[in-house]
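J.: Got a structure here, written out as structure tokens. Questions coming.
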Amino acid sequence: MSFLPAIPEVLRQFFKRPATNLFPAKYLPSSVTKYLKSVQEGNAAINPPVETPPNFRGKILYDRDTCIGCKLCIRVCPANAIEFLPDTKKVRIFVTQCIFCSQCNDACPVDALHMSDEFLLADEDRYSENMIVE
Amino acid sequence: MSENKKIGSTYSIPIGPVHPALKEPILFTFKMNGELVEEVDFAPGECHRGIEWMGMRRNPVQIVHLTDRICGICGVSHSLAFARAVEQIAEIEVPERAHYVRTIIAEYERLQSHLLWAGVAAHELGFDTLFFLAWRVREESMDVIEYLTGNRVNYGIVQVGGVRRDFTEDQFPRIEASLKYYEDVAGKLLNLFLEDRTIQMRCKNTGVMSEKEALELCTVGPTARASGLAMDVRYDSPYAAYGDLDFTPVLPHQYLGLTNGDVYDRIVVRLLEVVQSVDLIRQCLENMPSGEVLWEKKYPKILAACKKATGEAVGRIEAPRGECLHYVRMDGNTNPQCWKVKASTYSNQMSWLNMLKGEQIADIPIVVASIDPCMSCTDRVAVVHGERTDILTKADLHRLSVEKTRRLAQWS
Ligand code: SF4
Ligand code: SF4
């Protein structure tokens, strides 16, 4: 079978473990909402996602008390995702706008900003509590 | 053939802008004679997002991460080209080690991009088994990129004046393991792709472009090299650490003994470049100097240096698809006065007209895919007037420019 080299390879692949991590469930549930509900009730278990790498850039974390209101993060944010609050001299970050570059983390002189591991950020409302960090 | 030429014997088929056979949004119109393509026309511009417009309202430190998003595959090529342009204007000296880090990540990008392309090519031939296998192999480079930079697609590692993250000694074993994996799997990949009869039947003598045509049409990258043109920005005008590395451009005759300039040769070139990238990364790891990776750690200083800069510069690099060029002009303001992106597909797309002529309908997908087109990189000028969308050609732009000059002359 020298002219069809894929065939032996395919046969070999049959006995290998699948490369895909089946997240969140082994088989597509007929209704995802129902599935998630049954997970909450403890009737089903979520197949865990692949672990995030050491330097992963997920949802932003803001340490309000450390922030000195220098606005440097606003100047370097490519997505204009950070808003300055003049009354309190603190900032507000819109997660839906953020492009997860972590540049504000590098720029902040007092290390008030960090990236978390959280990546499941889908939401119906872009201004929901979950989507605004302040 | 004469009876085929009768009036009414030709018909035209539109393909795109959204079509399962095309992986990129672009509209083709084919004038067909029976099964054969007689004439081709195409209209790009469906994927224009106004990134340059956004860039001109931001400072270079912000733009550098905007450039990550120009293309979904070349996460580092555009940022590197842009950073190089700004560094030239602001006369910033990039530390030696940063050059090596940039080279390693750029080569990983080439690895994943070429393997992605190989999978797509197999898929366009209807060979989905190979498509899945190629993408399985590609996943290793994605994992390493994720491990090194933090994210899979938008690496965010390049900064004006260096890189934002260093690759440390304790990360080398993971890199080494992936290089070993690719060395082991390279022979198998070459065998699966190049010895397969289906692929040979479909790709040999399909979509041929001669060396002369490749030169005349200003093609770049693997598309040009597959036609026998020994051109590679990494080799011709080295940037980052490429000047220190030992390599020559990959040409199909090195493997096959001759150059045909067909789709098959393009597969050969890209697969051999996968092997070459592994070697280049290894050379980088061996010769990596120690030291800083960023010219200036304090962001206000980087911002100030960019603001002070005046002048214009061009940053050229070899992206996986060919030469990628960024032109930047700074005039002492925070934001650049002008920023222009020319991606490799812009140079390569005209070769479709010649390649597709005389091919069959069934060969259209693979020939179109063979230059590894990326429309989101390419589509740069599109103007929307209310409901109407115009794509401005060079002649239009020239006319508009003359009109504007006249208008200004009248006012003064
Ligand atoms: S991570 Fe990037 S995009 Fe998000 S808030 Fe920080 S600087 Fe802006
Ligand atoms: S850079 Fe840091 S300290 Fe300055 S405003 Fe932003 S979060 Fe606050």
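Residue numbers start at 1 in each chain; chains themselves are named A, B, ... in the order of the structure tokens; ligands are numbered from 1 in the order shown.
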Enumerate, in order of chain and increasing residue number, the residues of chain A with an atom no farther than 6 Å from ligand 1, each with its shortest atom pair and distance in Å to one decimal, counting only C-alpha atoms and all ligand atoms, as a tab-separated table.

T.:
```
residue	atom	partner	partner_atom_place_in_ligand_line	distance
A:Cys77	CA	ligand 1	7 (S)	3.6
A:Pro78	CA	ligand 1	3 (S)	5.6
A:Ala79	CA	ligand 1	3 (S)	5.0
A:Ala81	CA	ligand 1	8 (Fe)	5.1
A:Ile82	CA	ligand 1	5 (S)	5.7
A:Cys98	CA	ligand 1	4 (Fe)	3.7
A:Ile99	CA	ligand 1	3 (S)	4.2
A:Phe100	CA	ligand 1	1 (S)	4.0
A:Cys101	CA	ligand 1	2 (Fe)	4.0
A:Ser102	CA	ligand 1	1 (S)	3.6
A:Gln103	CA	ligand 1	7 (S)	4.4
A:Cys104	CA	ligand 1	7 (S)	4.1
```

J.: Enumerate, in order of chain and increasing residue number, the residues of chain B with an atom no farther than 12 Å from ligand 2, each with its shortest atom pair and distance in Å to one decimal, counting only C-alpha atoms and all ligand atoms, as a tab-separated table.

T.:
```
residue	atom	partner	partner_atom_place_in_ligand_line	distance
B:Lys298	CA	ligand 2	1 (S)	11.7
B:Tyr299	CA	ligand 2	1 (S)	10.1
B:Pro300	CA	ligand 2	1 (S)	10.7
```

J.: Store the residues picked out above, limited to C-alpha atoms, as a PDB file, in the first residue's frame.

T.:
```pdb
ATOM      1  CA  LYS B 298       8.819  51.607  32.520  1.00  0.00           C
ATOM      2  CA  TYR B 299       5.817  52.171  30.305  1.00  0.00           C
ATOM      3  CA  PRO B 300       5.750  55.969  30.612  1.00  0.00           C
TER       4      PRO B 300
END
```

J.: For the contact check between chain B and chain A, emit one row per residue of chain B within 8 Å, containing the shortest atom pair and the distance in Å rounded to one decimal, counting only C-alpha atoms, chain then rising number order, as JSON lines.

T.:
```
{"residue": "B:Arg58", "atom": "CA", "partner": "A:Pro78", "partner_atom": "CA", "distance": 7.4}
{"residue": "B:Asn59", "atom": "CA", "partner": "A:Val76", "partner_atom": "CA", "distance": 7.9}
{"residue": "B:Val61", "atom": "CA", "partner": "A:Val76", "partner_atom": "CA", "distance": 6.2}
{"residue": "B:Gln62", "atom": "CA", "partner": "A:Pro78", "partner_atom": "CA", "distance": 4.2}
{"residue": "B:Ile63", "atom": "CA", "partner": "A:Pro78", "partner_atom": "CA", "distance": 6.4}
{"residue": "B:His65", "atom": "CA", "partner": "A:Pro78", "partner_atom": "CA", "distance": 6.5}
{"residue": "B:Leu66", "atom": "CA", "partner": "A:Pro78", "partner_atom": "CA", "distance": 6.4}
{"residue": "B:Thr129", "atom": "CA", "partner": "A:Val10", "partner_atom": "CA", "distance": 7.6}
{"residue": "B:Leu130", "atom": "CA", "partner": "A:Ala6", "partner_atom": "CA", "distance": 7.4}
{"residue": "B:Arg136", "atom": "CA", "partner": "A:Ala19", "partner_atom": "CA", "distance": 7.4}
{"residue": "B:Glu146", "atom": "CA", "partner": "A:Pro53", "partner_atom": "CA", "distance": 6.6}
{"residue": "B:Tyr147", "atom": "CA", "partner": "A:Pro53", "partner_atom": "CA", "distance": 5.4}
{"residue": "B:Leu148", "atom": "CA", "partner": "A:Asn55", "partner_atom": "CA", "distance": 7.8}
{"residue": "B:Thr149", "atom": "CA", "partner": "A:Asn55", "partner_atom": "CA", "distance": 6.8}
{"residue": "B:Gly150", "atom": "CA", "partner": "A:Phe56", "partner_atom": "CA", "distance": 4.1}
{"residue": "B:Asn151", "atom": "CA", "partner": "A:Phe56", "partner_atom": "CA", "distance": 5.9}
{"residue": "B:Gly156", "atom": "CA", "partner": "A:Cys101", "partner_atom": "CA", "distance": 5.8}
{"residue": "B:Asn191", "atom": "CA", "partner": "A:Pro5", "partner_atom": "CA", "distance": 7.0}
{"residue": "B:Leu192", "atom": "CA", "partner": "A:Pro5", "partner_atom": "CA", "distance": 5.5}
{"residue": "B:Glu195", "atom": "CA", "partner": "A:Phe3", "partner_atom": "CA", "distance": 6.0}
{"residue": "B:Asp196", "atom": "CA", "partner": "A:Leu4", "partner_atom": "CA", "distance": 5.1}
{"residue": "B:Arg197", "atom": "CA", "partner": "A:Phe3", "partner_atom": "CA", "distance": 5.1}
{"residue": "B:Thr198", "atom": "CA", "partner": "A:Leu4", "partner_atom": "CA", "distance": 7.8}
{"residue": "B:Lys298", "atom": "CA", "partner": "A:Ala107", "partner_atom": "CA", "distance": 7.2}
{"residue": "B:Tyr299", "atom": "CA", "partner": "A:Ala107", "partner_atom": "CA", "distance": 5.6}
{"residue": "B:Pro300", "atom": "CA", "partner": "A:Leu72", "partner_atom": "CA", "distance": 7.7}
```

J.: For the atom pair atom CA of Asn130 of chain A and atom CA of Thr96 of chain A, what is the interatomic distance in Å to one decimal place?

T.: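 Result for atom CA of Asn130 of chain A versus atom CA of Thr96 of chain A: 9.9 Å, one decimal.
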
J.: Which value, in Å to one decimal, gives the distance between atom CA of Val274 of chain B and atom CA of Leu251 of chain B?

T.: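 Computed distance, atom CA of Val274 of chain B to atom CA of Leu251 of chain B, equals 12.9 Å.
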
J.: Give me, please, the distance in Å between atom CA of Lys307 of chain B and atom CA of Lys342 of chain B, quoted to one decimal.

T.: 24.0 Å

J.: Find the spatial neighbours of Glu39 of chain B, counting only C-alpha atoms, within a cut-off of 6 Å - ignore same-chain residues fewer than 2 positions away - and output them as a PyMOL selection string.

T.: chain B and resi 30-31+37

J.: Let's have the selection written as a PDB file, in the first residue's frame, with N, CA, C and O atoms.

T.:
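File written: part.pdb
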```
ATOM      1  N   PHE B  30     -16.271  33.126 -12.157  1.00  0.00           N
ATOM      2  CA  PHE B  30     -15.570  32.315 -13.147  1.00  0.00           C
ATOM      3  C   PHE B  30     -16.354  32.294 -14.442  1.00  0.00           C
ATOM      4  O   PHE B  30     -17.554  32.052 -14.429  1.00  0.00           O
ATOM      5  N   LYS B  31     -15.654  32.550 -15.536  1.00  0.00           N
ATOM      6  CA  LYS B  31     -16.284  32.353 -16.838  1.00  0.00           C
ATOM      7  C   LYS B  31     -15.837  30.977 -17.296  1.00  0.00           C
ATOM      8  O   LYS B  31     -14.647  30.722 -17.463  1.00  0.00           O
ATOM      9  N   VAL B  37     -12.105  26.464 -16.668  1.00  0.00           N
ATOM     10  CA  VAL B  37     -12.148  27.884 -16.339  1.00  0.00           C
ATOM     11  C   VAL B  37     -11.510  28.672 -17.471  1.00  0.00           C
ATOM     12  O   VAL B  37     -10.381  28.401 -17.875  1.00  0.00           O
TER      13      VAL B  37
END
```

J.: What lies within 9 Å of Thr310 of chain B using only C-alpha atoms, ignoring chain neighbours under 4 positions off, as a PyMOL selection string?

T.: chain B and resi 89-90+306+329-333

J.: Could you pull out the alpha helix (DSSP H) residues of segment 224-411 of chain B, going by DSSP on the backbone, and write them as a PyMOL selection string?

T.: chain B and resi 224-226+233-236+253-256+263-287+299-308+344-348+351-356+364-369+375-378+394-411
